[in-house]
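*Asks:* Take this structure, written in structure tokens, and hold onto it; I'll ask about it next.
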Amino acid sequence: MRNLTLCATSATHLRNANVTASAIDLDDRVIYAASERLDEDGNVEVEVWNVGNDETPATVFTMFNAVASSSHAPGTSQIVSLRVVPEVRSLSAIMRNGDITMISLDEGTVEVEGTVEPSISASAWSPDDSLLVIVTGEDKLILMTSTFDVLSEAPIHATDFGDDTPINVGWGSKQTQFHGSLGKSAAQAPAQSNIGSSPDDDSAPRISWRGDGAFFVVSTLSPIPLSSSSTTHLRRRTLRVYDREGALQSTSEAVAGLEHTLVWRPSGNLIAGTQRFGFEGGGAGKEGRHDVVFFERNGLRHGEFAIRAADLAGGKGGVGKWGYRVRELTWSSDSNVLAIWVERDEGDVVQFWTTGNYYWYLKQEIEAPAVDGQPGRFTSVAWHPEQALHILLTTKTALLQRTYAWEAFVSPSEPPVDSGAVAVLDGTKILLTPFRIQNVPPPMSSAQITLSTQRSPIYASFSSTSDTTAVLWENGYAELWALHTRLQGGRGKAMDPTNVWSGTLEGVQSARQIQLASSDATGSSSTIRVLWTDKGTDYVTSLELQGFVSKEAVTTSALPSVNSRLLAAGSRTTSQGPSGEIHRYDTEQQSFLPVAKFNEFCLKSQGLLVPSAQSDESQIVYIGLGSSGKLHLVAGEAHHVLAANVTSFTIASGFVIFTTTAHEARFVPTRSLSALLVESQAVNVEAKQEKPEWETRRVERGSRIVVAVPSAMSLVLQMPRGNLETINPRPLVMEVVKQDIDAGDYRKAFFACRKHRIDLNVLVDHNEARFLEHISSFVEQIHEVDHINLFLTGLGRGSQPQENIAKLCDSVRLELERKDLTKHVNSILTAYVVKTPPDHEAGLSLLLRLRKSDPEVVEDAVKYIIFLVDADRLFDTALGMYDFSLVLMIAQHAQKDPREYLPFLRELRALEKHYQHFKIDDHLKRHESALRNINLAGSDHFEEAMAYVELHQLYDAALRIWKGTDQYNTVLELYGDWLFERREFRQAGSTFIEAQAFSKAMVAHEKALEWQELFYLASRTGMSEEDIIATGYRLAEDLTSKKRHSEAAQVLLDYAKDIREAIIAFVQGNHFSEARRIIALQSKPELIEDVVHPAALDSCAQIVEDTNECKEQLRKQLNRVRELRIRKVEEPDAFYGTEDVALHNIDVMTDVSMAPTAFTRYTVAPTATSRSSKRTSRSKRKMERKVGSGRKGTVDEEEYLLKSLTKLTARFATIQEEARNLLPHLLQFTPEHREEGVAMQQHLVDFEEELKRTLEEIWAKSAEEATVDSWATRMEEVERERRVNPIDKVAKPELPSSNKGWRINLYDFES
């Protein structure tokens, strides 16, 4: 859908020259042109011109003479090939007389390297300038190196096929084909043997290289028959393909009427030539038919397309037999454009042909400029070898350069009249398609404009406000067409173009661009602006039309620079210079003033009015796509690059839409463009990464934007092959949907969302408050029940909070009930069901209401709610409503088997009301409700109720239900038994006391070791003295096992009356002072030597043993910390596992990104990634507990050791406290005790010193971390502490857990 547009042109005139060839020096960007003249002696005088570039004028570089060859037709150029050989910095001129002339580019000296006898008919350098192919006048093929050493020499007319001779087994031959009604005779008919060449053939050979230089092809005429006995007098063209060594690879099949033209497509897939039809020896077809034909490397034909001969033919008898002939073919360097050089009676023309979707378009034509009233003639046509669409053409006295670019002619019309029309130029036809209503794949189109002239136009433009288009020719002639596009679907023509104005703009020549601006919807009042060039200056000529008639004379203004470009940016004329500078016409100063500048020339550029980020006003920004792939955004001095890999872009629906080489379409909101410019200006950078908030959509590889149609919410893309695809990107759809919602057109927004699979929640999310205000309008517009159901279903599945969903559903439901309850019963049921949690009972209640008034509606409604909700759930819900008629209705419409539910329902019907409800609730597992109902059923069912409580652990509910009744104590006792089984003895004791079950309470207190409460209850209940003593001994034993020695001794003293056992309990708990006091109080001195002295020695020994264990642990952990720190300093990378030098020389590495291991290189344990990644939640929790466990070899081992030392210090503090309690008594006992006390104290002192040294060593700061103690450092520390947040200084207190056992559960049932 793209067209070739002329974006730059230049002409260099060479005085008194006769230019026949040109060459380009890519290193110095210099063009050389060769001019030749014949003198009276038959010699040729060659002038080599240095055309230079735009900054330097053309001058004669050097001159040389050569003998003219007479073996060719008069007027034939004596220079066969002119080529710059950069390796030797020379210009190679291959002369027709056989001379190989080299001209030094540095010194200008001319040297003949050699001569090929008798002459040279054709020659061609390889693309890499390393090989030279020559066809001599004796039909020999010579292959030379760049130093002109001969690699091979052989006759050109070989009889064999070549090295790639195919093996023919007859498959596909004419004899094996089915010929239908023609019968077998057609298979036996001989193939055409009368094969000749075209009458327009110049008889000269041609050579063409493939783009990679691996092969070249030679086209030659067969030799002239030597005798009259030959079977034919015709000469035929044959193509032969050779490799770089000069070995013949293949020979083309015989093609009748094949002409001399030859060119190999640089991409290598096709060899192009031309073929004539309708004469003796020509192709079988209508006379005058002329095709461009293609061959493969193996010599077989591969497609063709017809040259439009009717547009080229002039008066016969002039140039060629048919009034024209094809002189040469040449491909652009990117293989996209085929140029056909045609000689005509009226003058030469070069046509540009491109292909898309297997169709060939005629895109442009260049006519040779006439000289002194004589038809213009080109002398050479060549594409630039690096700049793909830059072509060089020479006439006898001038060198013309033209640069083209790809551009889509797209209608910029805006909603609601945006047609999305696209124009494709194809010779004298314009193919039009309005993509708003239909997508017609090229080369077809919705409509065609057949132009009145026989020449191809150069440009076309659409109006942004009217349904019109303007067409421009290079000579200044223009036409205005009214398209009459149908914007809505239906029958009839999509377009009906009508020519409403035509004329030639006065003074305009070399025109290349046209702009059309209309002031009304019909286009009758329009302004036509034409960009043209004359003598190195660009001009803009404007013509005002009123009622499709010229209003006044044209006005012309000069542009600031040549090769400028008009861009669309409001009503004023705006141009872009070749370096990217943007100028805007100022009506007051009557001149163009600079307003912005791109960093490069952007062929496709556009001005856009956007909100300013720094003020409440709007500003114009300019967006342009350069050849580098950068999408530039500029305004004034500000510049920003939106992306650096852009292939196409457009502006529509408030977005800048562009495709990238990453095969993505990105959508940039236009409201953010001004902010991007401000940001770029602030940080002074040119390019930034694309913003993550820009929406992105993946597109097919190589897709380019053709047009965006806002009203249709569509974006049309073209694939590399040429086929089209229309997509509806979410941003474009959402923009239109939001506009419709704001306008209150909920119906249009709803169907747009439904069509394009947009979540219907957007109708609410866009403006929830407004939606709630206009619910009545919404329900009135979306009156179809199915559509409301669809909306409510999407609402229920949305991401809004449950409260919001419930509120919205209830609001819609109330409005539907108000409108028509009967009609919208299904939608009302949907509103009940989609809420979270669903309100099934309310829906069934609605059915009960309607059953009396509208029984017919209820039947359908029941079926519908069964469709929405699982039938079993509805059956259970209806059963839970205790309405058997509703249950039967649900069961019948759900087609449940009566044998499944009727016996159950009969059984329930036979029961008393409350007990029936109990059975129903129990069936539905509504246990608390069942318990309430069985209570209402009477005291006869109390035992069953208690069993039910015990079965389902409904103790909380039971306590609330039976509180204040005679059975409350029974419930309490049952609850206490349950707590006792759960080993919640404290709670069980309180419960038993409340239930007056004191014996069970004493057992519970004994299990809870609450001896004070136990003995209080024992005295209250009158327990015997023997039982109290026995209980005291049991409790003392249990308390001792729990290390509660002091309490055990107290029980033994007060209740067991056993002083000796009490003293033993005291000394076991290291309570020597209390033991000695009790001995003195009870006058039992014998217990000092029997119990206290041995126990003191045992405690001393235990303290020493504990200290030794701490010492051993301390030394082991200190040594390990030292070892880890040494390894960490010596090999930090290897220690932390960041690099493994052992893997440096391994080539085969996985490309899977591995998770970091939790082990160092010193461990042999497997890493976490070596195990299965499919872990259960239990195994994951287990792994989390293992992290930081301090296993040897892990990275966190040192941290674990430090924490362990901290715990060891706390343990030693406990040992010191025990020693503090024991040492005074050892001093007062026997000398032996005194000696043990001295040894124990010294032992503890030694360990304390060792522990202190160890902690100082481990927690010492390194030299880098240590700070100098000075006034400045202290002040810095004070200031740092002052700035610290207090919450960072004080640790957050941990709230005690509520499960510590301080609560009494029975208090929860008092409220």
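Just so we're on the same page: first chain in the structure tokens is A, next is B, and so on; residues restart at 1 for each chain, and ligands are numbered from 1 in the order they show up.
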Gln1050 (chain A): which residues within 9 Å, counting only C-alpha atoms, same-chain residues fewer than 5 positions away excluded, as JSON, numbers by chain?

*Replies:* {"A": [1036, 1045, 1055, 1062]}

*Asks:* Would you please give, as JSON, numbers by chain, all residues of region 333-561 of chain A that DSSP assigns to strand (DSSP E or B) based on the backbone?

*Replies:* {"A": [338, 339, 340, 341, 342, 343, 344, 349, 350, 351, 352, 353, 354, 355, 356, 359, 360, 361, 362, 363, 364, 365, 366, 367, 371, 374, 380, 381, 382, 383, 390, 391, 392, 393, 394, 398, 399, 400, 401, 402, 403, 404, 405, 406, 407, 409, 410, 421, 422, 423, 424, 425, 426, 429, 430, 431, 432, 433, 434, 447, 448, 449, 450, 459, 460, 461, 462, 468, 469, 470, 471, 472, 477, 478, 479, 480, 481, 482, 498, 499, 500, 501, 502, 503, 504, 511, 512, 513, 514, 515, 516, 517, 518, 525, 526, 527, 528, 529, 530, 531, 532, 533, 534, 537, 538, 539, 540, 541, 542, 543, 544, 545, 546, 550, 555, 556, 557, 558]}

*Asks:* Residues within 7 Å of region 1206-1222 of chain A, please, as a list in words. Count only C-alpha atoms; anything in the same chain fewer than 3 positions from it doesn't count.

*Replies:*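 With the cut-off at 7 Å, the set is Ile1103, Cys1110, Leu1202, Lys1203, His1225 and Leu1226 of chain A.
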
*Asks:* Would you kindly return, as a count of residues only, each protein, DNA or RNA residue with an atom no farther than 9 Å from any atom of Val1067 (chain A), considering only C-alpha atoms and excluding same-chain residues fewer than 3 positions away?

*Replies:* 15

*Asks:* I'd like the contact shell of Gly278 (chain A) - 12 Å cut-off, only C-alpha atoms, skipping same-chain residues fewer than 4 positions apart - returned as a PDB file with C-alpha atoms, in the first residue's frame.

*Replies:*
ATOM      1  CA  ILE A 195      12.517 -19.350 -31.891  1.00  0.00           C
ATOM      2  CA  GLY A 196      14.230 -16.076 -32.559  1.00  0.00           C
ATOM      3  CA  SER A 197      15.019 -12.774 -30.938  1.00  0.00           C
ATOM      4  CA  SER A 198      13.164  -9.476 -30.967  1.00  0.00           C
ATOM      5  CA  PRO A 199      13.545  -7.067 -33.913  1.00  0.00           C
ATOM      6  CA  ALA A 256      11.069 -17.064 -28.156  1.00  0.00           C
ATOM      7  CA  GLY A 257      11.349 -13.305 -28.528  1.00  0.00           C
ATOM      8  CA  GLY A 282       8.705 -14.282 -31.068  1.00  0.00           C
ATOM      9  CA  GLY A 283       6.574 -15.547 -28.228  1.00  0.00           C
ATOM     10  CA  ALA A 284       3.199 -17.072 -28.938  1.00  0.00           C
ATOM     11  CA  GLY A 285       0.757 -14.279 -28.110  1.00  0.00           C
ATOM     12  CA  LYS A 286      -0.899 -11.117 -29.279  1.00  0.00           C
ATOM     13  CA  GLU A 287       1.243  -8.816 -31.367  1.00  0.00           C
ATOM     14  CA  GLY A 288       2.509  -5.921 -29.344  1.00  0.00           C
ATOM     15  CA  ARG A 289       2.551  -7.828 -26.095  1.00  0.00           C
ATOM     16  CA  HIS A 290       5.692  -7.060 -24.172  1.00  0.00           C
ATOM     17  CA  ASP A 291       6.641  -8.810 -20.890  1.00  0.00           C
ATOM     18  CA  TRP A 322       6.599  -0.676 -32.248  1.00  0.00           C
TER      19      TRP A 322
END

*Asks:* Work out how far apart CA of Ile207 (chain A) and CA of Thr62 (chain A) are and give it in Å to one decimal.

*Replies:*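 For CA of Ile207 (chain A) relative to CA of Thr62 (chain A), the distance reads 27.9 Å.
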
*Asks:* Quick one: residues within 9 Å of region 212-223 of chain A, only C-alpha atoms, excluding same-chain residues fewer than 5 positions away - as a ChimeraX atom specification?

*Replies:* /A:126-128,131,133,135,139,156-157,197,203-207,234-244,246,249,260-264,266-268,271,297

*Asks:* Which residues are near Leu451 (chain A)? Cut-off 8 Å, only C-alpha atoms, ignore same chain within fewer than 5 positions. Put them as a list in words.

*Replies:* Thr428, Lys429 and Ile430 of chain A

*Asks:* Just to be explicit: take each residue in the selection above, keep all heavy atoms, and write the result as a tab-separated table (two decimals), in the first residue's frame.

*Replies:*
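Written file, part_3.tsv:
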chain	number	residue	atom	x	y	z
A	428	THR	N	-1.31	4.84	-14.70
A	428	THR	CA	-2.34	5.88	-14.92
A	428	THR	C	-3.61	5.56	-14.13
A	428	THR	O	-4.67	6.11	-14.43
A	428	THR	CB	-2.65	5.99	-16.41
A	428	THR	OG1	-3.08	4.71	-16.90
A	428	THR	CG2	-1.44	6.46	-17.18
A	429	LYS	N	-3.51	4.68	-13.16
A	429	LYS	CA	-4.64	4.35	-12.31
A	429	LYS	C	-4.28	4.65	-10.86
A	429	LYS	O	-3.11	4.54	-10.46
A	429	LYS	CB	-5.03	2.87	-12.44
A	429	LYS	CG	-5.55	2.47	-13.81
A	429	LYS	CD	-5.99	1.02	-13.81
A	429	LYS	CE	-4.83	0.09	-13.47
A	429	LYS	NZ	-5.25	-1.34	-13.53
A	430	ILE	N	-5.29	5.03	-10.09
A	430	ILE	CA	-5.14	5.19	-8.64
A	430	ILE	C	-6.12	4.22	-8.00
A	430	ILE	O	-7.33	4.29	-8.23
A	430	ILE	CB	-5.42	6.63	-8.19
A	430	ILE	CG1	-4.42	7.60	-8.83
A	430	ILE	CG2	-5.35	6.72	-6.67
A	430	ILE	CD1	-4.61	9.04	-8.42

*Asks:* Would you mind telling me which residue in A:Gln364, A:Ser525, A:Thr836, A:Gln996 lies nearest to Ser466 (chain A) when using only C-alpha atoms?

*Replies:*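 Closest to Ser466 (chain A) of all the choices is A:Ser525.
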
*Asks:* Let me make sure I understand: among A:Thr556, A:Ser711, A:Ser628, A:Asn3, which one has the smallest atom-to-atom distance to Phe352 (chain A) if we use only C-alpha atoms?

*Replies:*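 Of the candidates, the smallest distance to Phe352 (chain A) is held by A:Asn3.
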
*Asks:* Run DSSP on the backbone and grab whatever in region 665-750 of chain A lands in helix (DSSP H, G or I); send it over as an MDAnalysis selection string.

*Replies:* chainID A and resid 670:683 730:742 746:750

*Asks:* Closest to Thr970 (chain A) among A:Val716, A:Leu808, A:Ala988, A:Ala997, using only C-alpha atoms?

*Replies:*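 Checking each candidate against Thr970 (chain A), we get A:Ala997 as the closest.
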
*Asks:* Of the residues A:Ile528, A:Leu1251, A:Ser335, A:Ala482, which is the one nearest to Gly503 (chain A), using only C-alpha atoms?

*Replies:*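 Result for the nearest residue to Gly503 (chain A): A:Ile528.
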
*Asks:* What is the CA of Ile366 (chain A) to CA of Asn50 (chain A) distance in Å?

*Replies:*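 Atom-to-atom, CA of Ile366 (chain A) to CA of Asn50 (chain A), that is 24.4 Å.
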